[in-house]
>>> print(open('run-v1.cif').read())   # mmCIF, C-alpha atoms and all ligand atoms
data_final
#
loop_
_atom_site.label_atom_id
_atom_site.label_comp_id
_atom_site.auth_asym_id
_atom_site.auth_seq_id
_atom_site.Cartn_x
_atom_site.Cartn_y
_atom_site.Cartn_z
CA MET A 1 0.00 0.00 0.00
CA PRO A 2 1.45 3.40 -0.93
CA LYS A 3 2.15 5.50 2.11
CA THR A 4 0.21 8.67 2.69
CA GLN A 5 2.59 11.60 2.27
CA GLU A 6 0.34 14.53 3.09
CA THR A 7 -3.10 15.11 4.58
CA THR A 8 -5.53 13.53 2.13
CA LEU A 9 -9.23 12.79 1.99
CA GLU A 10 -9.66 9.60 -0.02
CA ILE A 11 -13.09 9.13 -1.53
CA ASP A 12 -14.25 5.66 -2.43
CA LEU A 13 -16.78 5.77 -5.25
CA SER A 14 -17.62 2.08 -4.99
CA ALA A 15 -18.69 2.66 -1.37
CA LEU A 16 -20.86 5.54 -2.62
CA LYS A 17 -22.51 3.18 -5.07
CA HIS A 18 -23.05 0.62 -2.32
CA ASN A 19 -24.79 3.20 -0.10
CA PHE A 20 -26.91 4.44 -2.98
CA GLN A 21 -28.02 0.93 -3.82
CA TYR A 22 -28.77 0.14 -0.19
CA LEU A 23 -30.96 3.23 0.10
CA LYS A 24 -32.65 2.43 -3.23
CA SER A 25 -33.44 -1.06 -1.96
CA LYS A 26 -35.53 0.59 0.78
CA LEU A 27 -37.70 2.46 -1.72
CA GLN A 28 -40.87 1.53 -3.47
CA LYS A 29 -40.38 0.99 -7.16
CA ASN A 30 -41.59 4.36 -8.35
CA THR A 31 -40.13 6.52 -5.64
CA LYS A 32 -37.63 8.98 -7.04
CA PHE A 33 -34.24 9.57 -5.42
CA LEU A 34 -32.87 13.05 -4.79
CA ALA A 35 -29.20 13.15 -3.80
CA VAL A 36 -28.33 15.96 -1.42
CA VAL A 37 -24.89 17.27 -2.40
CA LYS A 38 -24.91 20.59 -0.55
CA ALA A 39 -21.77 21.84 1.22
CA PHE A 40 -19.35 20.19 -1.26
CA ALA A 41 -21.28 16.91 -0.97
CA TYR A 42 -20.96 17.03 2.82
CA GLY A 43 -17.32 18.02 2.58
CA HIS A 44 -16.26 15.30 0.16
CA ASP A 45 -16.12 16.70 -3.38
CA ALA A 46 -19.39 17.81 -4.94
CA ASP A 47 -18.30 17.56 -8.58
CA GLN A 48 -16.91 14.03 -8.39
CA ILE A 49 -19.73 12.74 -6.21
CA ALA A 50 -22.49 14.30 -8.29
CA LEU A 51 -20.99 13.16 -11.58
CA HIS A 52 -20.75 9.62 -10.26
CA LEU A 53 -24.33 9.70 -8.95
CA GLN A 54 -25.57 11.15 -12.21
CA ASN A 55 -24.32 7.99 -13.91
CA LEU A 56 -26.15 5.85 -11.37
CA ASP A 57 -29.89 6.43 -11.58
CA VAL A 58 -30.30 9.44 -9.34
CA ASP A 59 -33.31 11.53 -10.39
CA TYR A 60 -32.60 14.84 -8.73
CA PHE A 61 -29.90 16.76 -6.92
CA ALA A 62 -30.21 19.31 -4.15
CA VAL A 63 -27.87 21.97 -2.84
CA ALA A 64 -28.46 24.61 -0.20
CA TYR A 65 -27.42 27.75 -2.06
CA THR A 66 -27.47 29.05 -5.60
CA ASN A 67 -23.68 29.19 -6.06
CA GLU A 68 -23.47 25.48 -5.23
CA GLY A 69 -25.92 24.74 -8.01
CA VAL A 70 -23.95 26.90 -10.44
CA ALA A 71 -20.79 24.93 -9.60
CA LEU A 72 -22.60 21.66 -10.37
CA ARG A 73 -23.82 22.98 -13.72
CA ASP A 74 -20.24 24.09 -14.51
CA ALA A 75 -19.07 20.56 -13.66
CA GLY A 76 -21.49 19.01 -16.16
CA ILE A 77 -24.51 18.08 -14.06
CA THR A 78 -27.53 18.12 -16.35
CA LYS A 79 -30.16 16.55 -14.07
CA PRO A 80 -32.58 18.81 -12.18
CA ILE A 81 -31.05 20.65 -9.23
CA LEU A 82 -33.24 21.85 -6.35
CA VAL A 83 -31.84 24.82 -4.43
CA LEU A 84 -33.10 24.32 -0.89
CA HIS A 85 -32.45 27.74 0.56
CA PRO A 86 -32.13 30.29 -2.21
CA LEU A 87 -32.07 33.99 -1.49
CA PRO A 88 -33.61 36.58 -3.83
CA VAL A 89 -30.21 37.99 -4.79
CA GLY A 90 -29.56 34.74 -6.70
CA PHE A 91 -32.93 34.39 -8.47
CA SER A 92 -31.77 35.69 -11.81
CA THR A 93 -28.84 33.23 -11.76
CA ILE A 94 -31.19 30.42 -10.78
CA ILE A 95 -33.15 30.93 -13.98
CA ASP A 96 -30.05 31.48 -16.13
CA ARG A 97 -28.56 28.18 -14.94
CA CYS A 98 -31.81 26.14 -14.94
CA LEU A 99 -31.82 25.61 -11.19
CA GLU A 100 -35.09 25.00 -9.36
CA PRO A 101 -35.78 27.11 -6.26
CA SER A 102 -37.42 26.07 -3.05
CA ILE A 103 -39.95 28.81 -2.30
CA TYR A 104 -40.58 29.11 1.41
CA ASN A 105 -42.40 32.36 2.09
CA ASN A 106 -44.40 35.12 0.45
CA LYS A 107 -41.50 37.47 0.05
CA VAL A 108 -39.45 34.99 -1.98
CA LEU A 109 -42.52 33.85 -3.88
CA ASN A 110 -43.27 37.40 -5.00
CA ALA A 111 -39.64 38.08 -5.84
CA PHE A 112 -39.26 34.88 -7.85
CA VAL A 113 -42.51 35.26 -9.78
CA GLN A 114 -41.53 38.82 -10.67
CA ILE A 115 -38.09 37.84 -11.95
CA ALA A 116 -39.45 34.83 -13.84
CA ALA A 117 -42.02 37.10 -15.52
CA GLU A 118 -39.37 39.69 -16.39
CA LYS A 119 -37.32 36.95 -17.99
CA ASN A 120 -40.38 35.83 -19.98
CA GLN A 121 -40.52 32.43 -18.36
CA LYS A 122 -43.52 30.20 -18.68
CA ASP A 123 -44.18 27.42 -16.14
CA TYR A 124 -40.71 27.75 -14.62
CA PRO A 125 -40.46 24.87 -12.10
CA ILE A 126 -40.60 25.85 -8.44
CA HIS A 127 -40.88 23.76 -5.27
CA LEU A 128 -42.99 24.90 -2.34
CA LYS A 129 -41.56 24.22 1.09
CA PHE A 130 -44.02 23.78 3.96
CA ASN A 131 -43.24 23.99 7.64
CA THR A 132 -44.76 21.09 9.56
CA GLY A 133 -42.90 21.49 12.85
CA LEU A 134 -39.20 22.05 12.29
CA ASN A 135 -39.87 25.79 12.34
CA ARG A 136 -36.95 26.58 10.10
CA LEU A 137 -38.18 27.38 6.58
CA GLY A 138 -41.55 27.04 4.94
CA PHE A 139 -45.08 28.24 4.41
CA SER A 140 -47.80 27.15 6.79
CA GLU A 141 -50.87 25.20 5.77
CA ASN A 142 -53.16 28.22 6.01
CA GLU A 143 -51.18 30.02 3.30
CA VAL A 144 -52.16 27.59 0.53
CA GLU A 145 -55.10 29.71 -0.58
CA ASP A 146 -52.97 32.86 -0.84
CA ILE A 147 -50.32 31.00 -2.78
CA TYR A 148 -53.02 29.78 -5.12
CA SER A 149 -54.35 33.28 -5.76
CA LYS A 150 -50.88 34.56 -6.49
CA LEU A 151 -49.89 31.74 -8.81
CA ASN A 152 -53.25 31.69 -10.55
CA ALA A 153 -52.60 35.26 -11.63
CA SER A 154 -49.33 34.40 -13.37
CA ASN A 155 -48.16 31.70 -15.75
CA ALA A 156 -44.46 32.44 -15.22
CA VAL A 157 -43.99 29.61 -12.73
CA SER A 158 -45.47 26.22 -12.03
CA VAL A 159 -45.34 24.13 -8.87
CA LYS A 160 -43.38 20.96 -9.57
CA SER A 161 -43.28 19.66 -6.02
CA ILE A 162 -44.34 20.44 -2.50
CA PHE A 163 -42.19 19.25 0.34
CA SER A 164 -41.46 19.38 4.03
CA HIS A 165 -38.69 18.27 6.36
CA LEU A 166 -38.76 16.05 9.45
CA ALA A 167 -37.36 17.44 12.68
CA ALA A 168 -36.04 14.24 14.31
CA SER A 169 -36.38 11.29 11.93
CA GLU A 170 -33.39 9.52 13.52
CA ASP A 171 -34.82 9.62 17.04
CA PRO A 172 -37.22 6.75 17.92
CA SER A 173 -38.55 8.69 20.92
CA GLU A 174 -39.89 11.37 18.56
CA LYS A 175 -42.05 9.01 16.54
CA GLU A 176 -45.27 10.63 17.64
CA PHE A 177 -44.16 14.07 16.52
CA MET A 178 -42.88 12.66 13.21
CA MET A 179 -46.31 11.11 12.59
CA HIS A 180 -47.86 14.46 13.37
CA GLN A 181 -45.57 16.12 10.79
CA ILE A 182 -46.32 13.45 8.19
CA ASN A 183 -50.07 13.86 8.72
CA SER A 184 -49.84 17.64 8.47
CA PHE A 185 -47.96 17.23 5.22
CA LYS A 186 -50.69 14.95 3.87
CA SER A 187 -53.30 17.47 4.81
CA ILE A 188 -51.33 20.28 3.11
CA SER A 189 -51.06 18.21 -0.06
CA GLU A 190 -54.83 17.59 -0.01
CA LYS A 191 -55.48 21.26 0.41
CA PHE A 192 -53.08 22.08 -2.40
CA LYS A 193 -54.88 19.63 -4.68
CA SER A 194 -58.27 21.08 -3.87
CA PHE A 195 -57.15 24.57 -4.89
CA PHE A 196 -54.77 23.83 -7.75
CA GLY A 197 -56.66 20.86 -9.19
CA TYR A 198 -53.56 18.69 -9.47
CA GLN A 199 -51.05 16.96 -7.23
CA PRO A 200 -47.40 17.88 -7.74
CA MET A 201 -44.57 15.60 -6.59
CA LEU A 202 -44.50 15.17 -2.80
CA HIS A 203 -41.40 14.55 -0.72
CA MET A 204 -40.51 14.63 2.94
CA CYS A 205 -37.94 12.01 4.00
CA ASN A 206 -34.23 12.53 4.57
CA THR A 207 -31.93 9.53 5.13
CA SER A 208 -33.32 8.55 8.53
CA GLY A 209 -36.83 9.19 7.25
CA ILE A 210 -36.23 6.60 4.51
CA LEU A 211 -35.02 4.10 7.10
CA ASN A 212 -37.61 4.76 9.81
CA TYR A 213 -40.76 5.98 8.04
CA PRO A 214 -41.21 3.77 4.96
CA ASP A 215 -44.83 4.90 4.64
CA ALA A 216 -43.76 8.52 4.19
CA GLN A 217 -41.76 8.10 0.99
CA PHE A 218 -44.38 9.79 -1.17
CA ASP A 219 -43.02 10.46 -4.69
CA MET A 220 -39.40 11.18 -3.83
CA VAL A 221 -36.90 11.00 -0.97
CA ARG A 222 -33.96 13.29 -0.25
CA SER A 223 -30.84 11.60 1.04
CA GLY A 224 -27.52 13.10 2.05
CA ILE A 225 -25.75 11.49 4.99
CA GLY A 226 -26.66 7.93 3.96
CA LEU A 227 -24.91 8.34 0.63
CA TYR A 228 -21.76 9.29 2.48
CA GLY A 229 -21.99 6.21 4.66
CA PHE A 230 -23.84 6.98 7.87
CA GLY A 231 -27.20 5.62 8.97
CA ASN A 232 -27.56 7.69 12.15
CA SER A 233 -27.90 4.62 14.38
CA GLU A 234 -25.63 1.80 15.44
CA MET A 235 -27.98 -0.70 13.86
CA GLU A 236 -28.19 1.07 10.50
CA ASN A 237 -24.52 2.11 10.34
CA LYS A 238 -23.68 -1.56 9.74
CA TYR A 239 -25.37 -1.45 6.35
CA PHE A 240 -23.54 1.65 5.16
CA LYS A 241 -19.93 2.17 4.14
CA PRO A 242 -18.34 5.52 4.99
CA ILE A 243 -16.99 6.72 1.66
CA ALA A 244 -14.16 8.92 2.95
CA SER A 245 -10.89 8.19 4.68
CA LEU A 246 -8.99 11.12 6.13
CA LYS A 247 -5.31 10.29 6.40
CA SER A 248 -2.18 12.16 7.27
CA VAL A 249 1.42 11.55 8.23
CA ILE A 250 3.72 12.02 11.22
CA SER A 251 5.86 15.10 10.53
CA GLN A 252 7.90 15.07 13.73
CA ILE A 253 8.28 13.09 16.95
CA HIS A 254 9.25 14.63 20.28
CA ASP A 255 10.41 13.02 23.50
CA ILE A 256 8.88 15.03 26.32
CA GLU A 257 10.17 15.05 29.90
CA GLU A 258 7.93 14.98 32.94
CA GLY A 259 6.57 18.47 33.65
CA GLU A 260 7.12 19.83 30.13
CA THR A 261 4.20 21.34 28.31
CA VAL A 262 2.92 20.78 24.77
CA GLY A 263 1.36 23.32 22.42
CA TYR A 264 -0.19 26.76 22.67
CA ASN A 265 -1.07 28.18 26.04
CA ARG A 266 0.94 25.29 27.49
CA ALA A 267 -2.41 23.55 27.76
CA TYR A 268 -0.96 20.05 28.20
CA LYS A 269 1.48 19.30 31.01
CA SER A 270 3.13 15.88 30.95
CA LYS A 271 2.85 13.74 34.06
CA SER A 272 5.81 11.56 33.12
CA SER A 273 8.19 11.17 30.21
CA MET A 274 6.29 10.55 27.00
CA ARG A 275 6.43 10.80 23.20
CA THR A 276 4.33 12.99 20.97
CA ALA A 277 3.86 13.10 17.22
CA THR A 278 3.04 16.26 15.32
CA ILE A 279 0.48 15.77 12.53
CA PRO A 280 -0.10 18.30 9.71
CA ILE A 281 -3.82 18.81 10.24
CA GLY A 282 -5.44 21.50 12.39
CA HIS A 283 -8.56 23.51 12.92
CA ALA A 284 -8.10 25.20 9.54
CA ASP A 285 -8.47 21.73 8.01
CA GLY A 286 -11.60 20.92 9.96
CA ILE A 287 -10.37 19.36 13.19
CA GLY A 288 -11.88 21.93 15.53
CA ARG A 289 -10.58 22.94 18.92
CA PRO A 290 -13.21 20.83 20.75
CA TYR A 291 -11.18 17.77 19.66
CA GLY A 292 -8.17 19.00 21.63
CA ASN A 293 -7.16 18.23 25.20
CA GLU A 294 -7.56 14.46 24.91
CA LYS A 295 -11.11 14.47 23.62
CA GLY A 296 -10.28 13.51 20.03
CA PHE A 297 -7.78 10.96 18.76
CA VAL A 298 -6.15 9.58 15.64
CA ILE A 299 -5.10 6.04 14.75
CA ILE A 300 -1.40 5.21 14.35
CA ALA A 301 -0.24 1.64 13.75
CA GLY A 302 -3.74 0.48 14.63
CA LYS A 303 -3.73 2.22 18.03
CA LYS A 304 -5.55 5.25 19.36
CA ALA A 305 -3.34 8.28 19.96
CA SER A 306 -5.18 11.09 21.73
CA ILE A 307 -4.75 14.74 20.85
CA VAL A 308 -2.75 16.51 23.55
CA GLY A 309 -3.09 20.21 24.27
CA ASN A 310 -4.89 22.65 22.04
CA VAL A 311 -5.56 22.00 18.38
CA CYS A 312 -3.46 24.49 16.38
CA MET A 313 -4.52 26.06 13.09
CA ASP A 314 -2.32 23.75 11.02
CA MET A 315 -1.29 20.97 13.38
CA ILE A 316 -2.19 18.67 16.22
CA MET A 317 0.12 16.89 18.63
CA VAL A 318 -0.86 13.38 19.69
CA ASN A 319 0.33 11.06 22.42
CA ILE A 320 2.23 8.13 20.87
CA THR A 321 3.74 6.80 24.09
CA GLY A 322 3.94 3.03 23.69
CA ILE A 323 3.03 3.08 19.98
CA ALA A 324 5.74 1.79 17.65
CA CYS A 325 5.93 4.42 14.92
CA GLU A 326 8.34 6.83 13.29
CA GLU A 327 8.39 10.10 11.39
CA GLY A 328 6.81 9.61 7.97
CA ASP A 329 4.35 6.95 9.16
CA GLU A 330 0.72 7.07 8.12
CA VAL A 331 -1.94 8.47 10.46
CA ILE A 332 -5.65 7.73 10.14
CA ILE A 333 -8.02 10.41 11.36
CA PHE A 334 -11.06 8.45 10.22
CA ASP A 335 -11.86 5.74 7.70
CA ALA A 336 -14.42 3.01 7.10
CA SER A 337 -13.62 1.19 10.37
CA ASN A 338 -12.46 4.09 12.57
CA THR A 339 -15.47 6.16 11.67
CA ALA A 340 -16.01 9.89 11.52
CA ASP A 341 -19.12 9.18 13.58
CA GLU A 342 -17.04 7.84 16.45
CA LEU A 343 -14.52 10.68 16.27
CA ALA A 344 -17.35 13.24 16.11
CA HIS A 345 -18.86 11.81 19.28
CA SER A 346 -15.56 12.28 21.13
CA ALA A 347 -16.08 16.04 20.77
CA ASN A 348 -19.80 15.89 21.42
CA THR A 349 -20.83 16.51 17.85
CA ILE A 350 -22.18 14.49 14.91
CA SER A 351 -20.67 13.03 11.74
CA TYR A 352 -22.40 15.72 9.66
CA GLU A 353 -20.39 18.48 11.32
CA LEU A 354 -17.03 16.71 11.21
CA ILE A 355 -17.17 15.71 7.54
CA THR A 356 -18.60 18.98 6.21
CA ALA A 357 -15.83 20.86 8.04
CA ILE A 358 -12.95 19.18 6.17
CA SER A 359 -11.67 22.28 4.46
CA GLN A 360 -10.81 22.81 0.84
CA ARG A 361 -7.11 22.93 1.78
CA VAL A 362 -7.14 19.16 2.26
CA LYS A 363 -6.23 17.28 -0.89
CA ARG A 364 -8.95 14.98 -2.26
CA THR A 365 -8.21 11.75 -4.10
CA ILE A 366 -10.75 9.54 -5.81
CA LYS A 367 -10.74 5.76 -5.61
CA LYS A 368 -12.90 4.18 -8.31
C1 LIG A 401 -29.72 18.45 4.26
C2 LIG A 401 -31.13 18.12 3.94
C3 LIG A 401 -31.50 16.79 3.62
C4 LIG A 401 -30.57 15.61 3.75
O1 LIG A 401 -30.60 15.10 5.07
P1 LIG A 401 -29.78 13.79 5.48
O2 LIG A 401 -30.09 13.61 6.92
O3 LIG A 401 -28.33 14.14 5.28
O4 LIG A 401 -30.20 12.68 4.62
C5 LIG A 401 -32.80 16.58 3.18
N1 LIG A 401 -33.70 17.60 3.10
C6 LIG A 401 -33.37 18.87 3.44
C7 LIG A 401 -34.40 19.94 3.35
C8 LIG A 401 -32.09 19.17 3.88
O5 LIG A 401 -31.78 20.42 4.24
#
>>> encode(input="run-v1.cif", output="structure tokens", more="lines below")
Ligand SMILES: *Cc1c(COP(=O)(O)O)cnc(C)c1O
Amino acid sequence: MPKTQETTLEIDLSALKHNFQYLKSKLQKNTKFLAVVKAFAYGHDADQIALHLQNLDVDYFAVAYTNEGVALRDAGITKPILVLHPLPVGFSTIIDRCLEPSIYNNKVLNAFVQIAAEKNQKDYPIHLKFNTGLNRLGFSENEVEDIYSKLNASNAVSVKSIFSHLAASEDPSEKEFMMHQINSFKSISEKFKSFFGYQPMLHMCNTSGILNYPDAQFDMVRSGIGLYGFGNSEMENKYFKPIASLKSVISQIHDIEEGETVGYNRAYKSKSSMRTATIPIGHADGIGRPYGNEKGFVIIAGKKASIVGNVCMDMIMVNITGIACEEGDEVIIFDASNTADELAHSANTISYELITAISQRVKRTIKK
């Protein structure tokens, strides 16, 4: 195996395919699959991931912001792209690049209809987002009539889907509230149909929704984290393969005497003689300060080496006392068996935050 020579995020496209097929196996035959590739495909590499998924049978993509959709179009993505949280400043670009906006309140509805009309659009596809309990973005059920009046007066746009988002689909103790959200969504879709006279595509489930609420698949599901290899529960994680391995290398080893300190602010004080290794990855690469002071760890020669002292911008120091290793040896921050999920938990956060934080400075390599 070639040794890692610098901090590298290796992306395994066959694991991506495995996760996609596993998620697809959970769907009814006609349910469409939307791949969520916002935030650089959760920190991996949006272009490579989306291009690979486009060749598998993904129906739709979603990003959070307009510029992410533009980047996908520039990379050669031709399938529909839903922009989940567009802001009016990007509406003209949305139309120019054939992106499809989520419309979540009256202000953005008015702004989008106006721009679409100015650009002489007819039936430009929009997606209406409804709030069913997350209280983040979305219209409420009692706004359907108003939306109808507004859209009835213009033929510039047409509603291609209506959707909502679950607040805690991974948490079994929130089942009752999830059912309440699902039922509200059904009632919104009925109301929509009674005004508009047709039913657009309906979608509600994220990854954990697919796994835990099979009756709420409607016409499409939206999956992000599952594609990248996490099922949000110990039971489900077994069926997924994390697609990324974050590796680095030992740049320098130090022998530390009892009572010496390590790193900024002298935050670590050694209790006896010990060895540390300095690794070229820091908070500017996505390993945040909460991982410091022996919360987080890396794997060297198959053993856990905890982070001592504060995480620096470009480096961490880890305790390698008792681990047989030398300068130039490979370091695993996370991979398919030492998972990002586990490392994230060490700093009281979740896999989503750790993987999306891996900064653009870290080299990406693609394994086919
Ligand atoms: C990010 C996001 C998703 C994907 O959620 P996962 O838990 O990663 O599958 C789906 N829908 C919306 C609206 C989102 O913002």
>>> residues_near_ligand(input="run-v1.cif", ligand="ligand LIG 401 (chain A)", cutoff="9 Å", atoms="all atoms listed in the file", output="PyMOL selection string")
chain A and resi 34-38+42+62-64+84-85+129+137+163-166+169-170+204-210+221-228+230-232+352
>>> atom_distance(input="run-v1.cif", atom1="atom CA of Ala46 of chain A", atom2="atom CA of Ile350 of chain A")
20.3 Å
>>> closest_residue(input="run-v1.cif", among="A:Ser248, A:Leu343, A:Asp219, A:Asn319", to="Leu27 of chain A", atoms="only C-alpha atoms")
A:Asp219
>>> atom_distance(input="run-v1.cif", atom1="atom CA of His180 of chain A", atom2="atom CA of Ile162 of chain A")
17.3 Å
>>> residues_near_point(input="run-v1.cif", point="(-17.5, 13.8, 20.8)", cutoff="12 Å", atoms="only C-alpha atoms", output="PyMOL selection string")
chain A and resi 287-292+294-297+340-351+353-354
>>> residues_around(input="run-v1.cif", residues="Val108 of chain A", least_positions_apart="5", cutoff="8 Å", atoms="only C-alpha atoms", output="JSON, numbers by chain")
{"A": [87, 88, 103]}
>>> write_last_selection(input="run-v1.cif", atoms="C-alpha atoms", output="tab-separated table (two decimals), in the coordinates of the input")
chain	number	residue	atom	x	y	z
A	87	LEU	CA	-32.07	33.99	-1.49
A	88	PRO	CA	-33.61	36.58	-3.83
A	103	ILE	CA	-39.95	28.81	-2.30
>>> atom_distance(input="run-v1.cif", atom1="atom CA of Lys367 of chain A", atom2="atom CA of Ile11 of chain A")
5.8 Å
>>> residues_around(input="run-v1.cif", residues="Val89 of chain A", least_positions_apart="2", cutoff="12 Å", atoms="all atoms listed in the file", output="list of chain:residue names")
A:Tyr65, A:Thr66, A:Asn67, A:His85, A:Pro86, A:Leu87, A:Phe91, A:Ser92, A:Thr93, A:Ile94, A:Ile95, A:Val108, A:Ala111, A:Phe112, A:Ile115
>>> write_last_selection(input="run-v1.cif", atoms="C-alpha atoms", output="mmCIF file, keeping the file's coordinate frame")
data_model
loop_
_atom_site.group_PDB
_atom_site.id
_atom_site.type_symbol
_atom_site.label_atom_id
_atom_site.label_comp_id
_atom_site.auth_asym_id
_atom_site.auth_seq_id
_atom_site.Cartn_x
_atom_site.Cartn_y
_atom_site.Cartn_z
ATOM 1 C CA TYR A 65 -27.420 27.750 -2.060
ATOM 2 C CA THR A 66 -27.470 29.050 -5.600
ATOM 3 C CA ASN A 67 -23.680 29.190 -6.060
ATOM 4 C CA HIS A 85 -32.450 27.740 0.560
ATOM 5 C CA PRO A 86 -32.130 30.290 -2.210
ATOM 6 C CA LEU A 87 -32.070 33.990 -1.490
ATOM 7 C CA PHE A 91 -32.930 34.390 -8.470
ATOM 8 C CA SER A 92 -31.770 35.690 -11.810
ATOM 9 C CA THR A 93 -28.840 33.230 -11.760
ATOM 10 C CA ILE A 94 -31.190 30.420 -10.780
ATOM 11 C CA ILE A 95 -33.150 30.930 -13.980
ATOM 12 C CA VAL A 108 -39.450 34.990 -1.980
ATOM 13 C CA ALA A 111 -39.640 38.080 -5.840
ATOM 14 C CA PHE A 112 -39.260 34.880 -7.850
ATOM 15 C CA ILE A 115 -38.090 37.840 -11.950
#
>>> residues_around(input="run-v1.cif", residues="Ile147 of chain A", least_positions_apart="4", cutoff="12 Å", atoms="all atoms listed in the file", output="list in words")
Ile103, Tyr104, Asn105, Asn106, Lys107, Val108, Leu109, Asn110, Val113, Leu128, Lys129, Phe130, Phe139, Ser140, Glu141, Asn142, Glu143, Leu151, Asn152, Ala153, Ser154, Val157, Ser158, Val159, Lys191, Phe192, Phe195 and Phe196 of chain A
>>> write_last_selection(input="run-v1.cif", atoms="C-alpha atoms", output="PDB file, in the frame of the given file")
ATOM      1  CA  ILE A 103     -39.950  28.810  -2.300  1.00  0.00           C
ATOM      2  CA  TYR A 104     -40.580  29.110   1.410  1.00  0.00           C
ATOM      3  CA  ASN A 105     -42.400  32.360   2.090  1.00  0.00           C
ATOM      4  CA  ASN A 106     -44.400  35.120   0.450  1.00  0.00           C
ATOM      5  CA  LYS A 107     -41.500  37.470   0.050  1.00  0.00           C
ATOM      6  CA  VAL A 108     -39.450  34.990  -1.980  1.00  0.00           C
ATOM      7  CA  LEU A 109     -42.520  33.850  -3.880  1.00  0.00           C
ATOM      8  CA  ASN A 110     -43.270  37.400  -5.000  1.00  0.00           C
ATOM      9  CA  VAL A 113     -42.510  35.260  -9.780  1.00  0.00           C
ATOM     10  CA  LEU A 128     -42.990  24.900  -2.340  1.00  0.00           C
ATOM     11  CA  LYS A 129     -41.560  24.220   1.090  1.00  0.00           C
ATOM     12  CA  PHE A 130     -44.020  23.780   3.960  1.00  0.00           C
ATOM     13  CA  PHE A 139     -45.080  28.240   4.410  1.00  0.00           C
ATOM     14  CA  SER A 140     -47.800  27.150   6.790  1.00  0.00           C
ATOM     15  CA  GLU A 141     -50.870  25.200   5.770  1.00  0.00           C
ATOM     16  CA  ASN A 142     -53.160  28.220   6.010  1.00  0.00           C
ATOM     17  CA  GLU A 143     -51.180  30.020   3.300  1.00  0.00           C
ATOM     18  CA  LEU A 151     -49.890  31.740  -8.810  1.00  0.00           C
ATOM     19  CA  ASN A 152     -53.250  31.690 -10.550  1.00  0.00           C
ATOM     20  CA  ALA A 153     -52.600  35.260 -11.630  1.00  0.00           C
ATOM     21  CA  SER A 154     -49.330  34.400 -13.370  1.00  0.00           C
ATOM     22  CA  VAL A 157     -43.990  29.610 -12.730  1.00  0.00           C
ATOM     23  CA  SER A 158     -45.470  26.220 -12.030  1.00  0.00           C
ATOM     24  CA  VAL A 159     -45.340  24.130  -8.870  1.00  0.00           C
ATOM     25  CA  LYS A 191     -55.480  21.260   0.410  1.00  0.00           C
ATOM     26  CA  PHE A 192     -53.080  22.080  -2.400  1.00  0.00           C
ATOM     27  CA  PHE A 195     -57.150  24.570  -4.890  1.00  0.00           C
ATOM     28  CA  PHE A 196     -54.770  23.830  -7.750  1.00  0.00           C
TER      29      PHE A 196
END
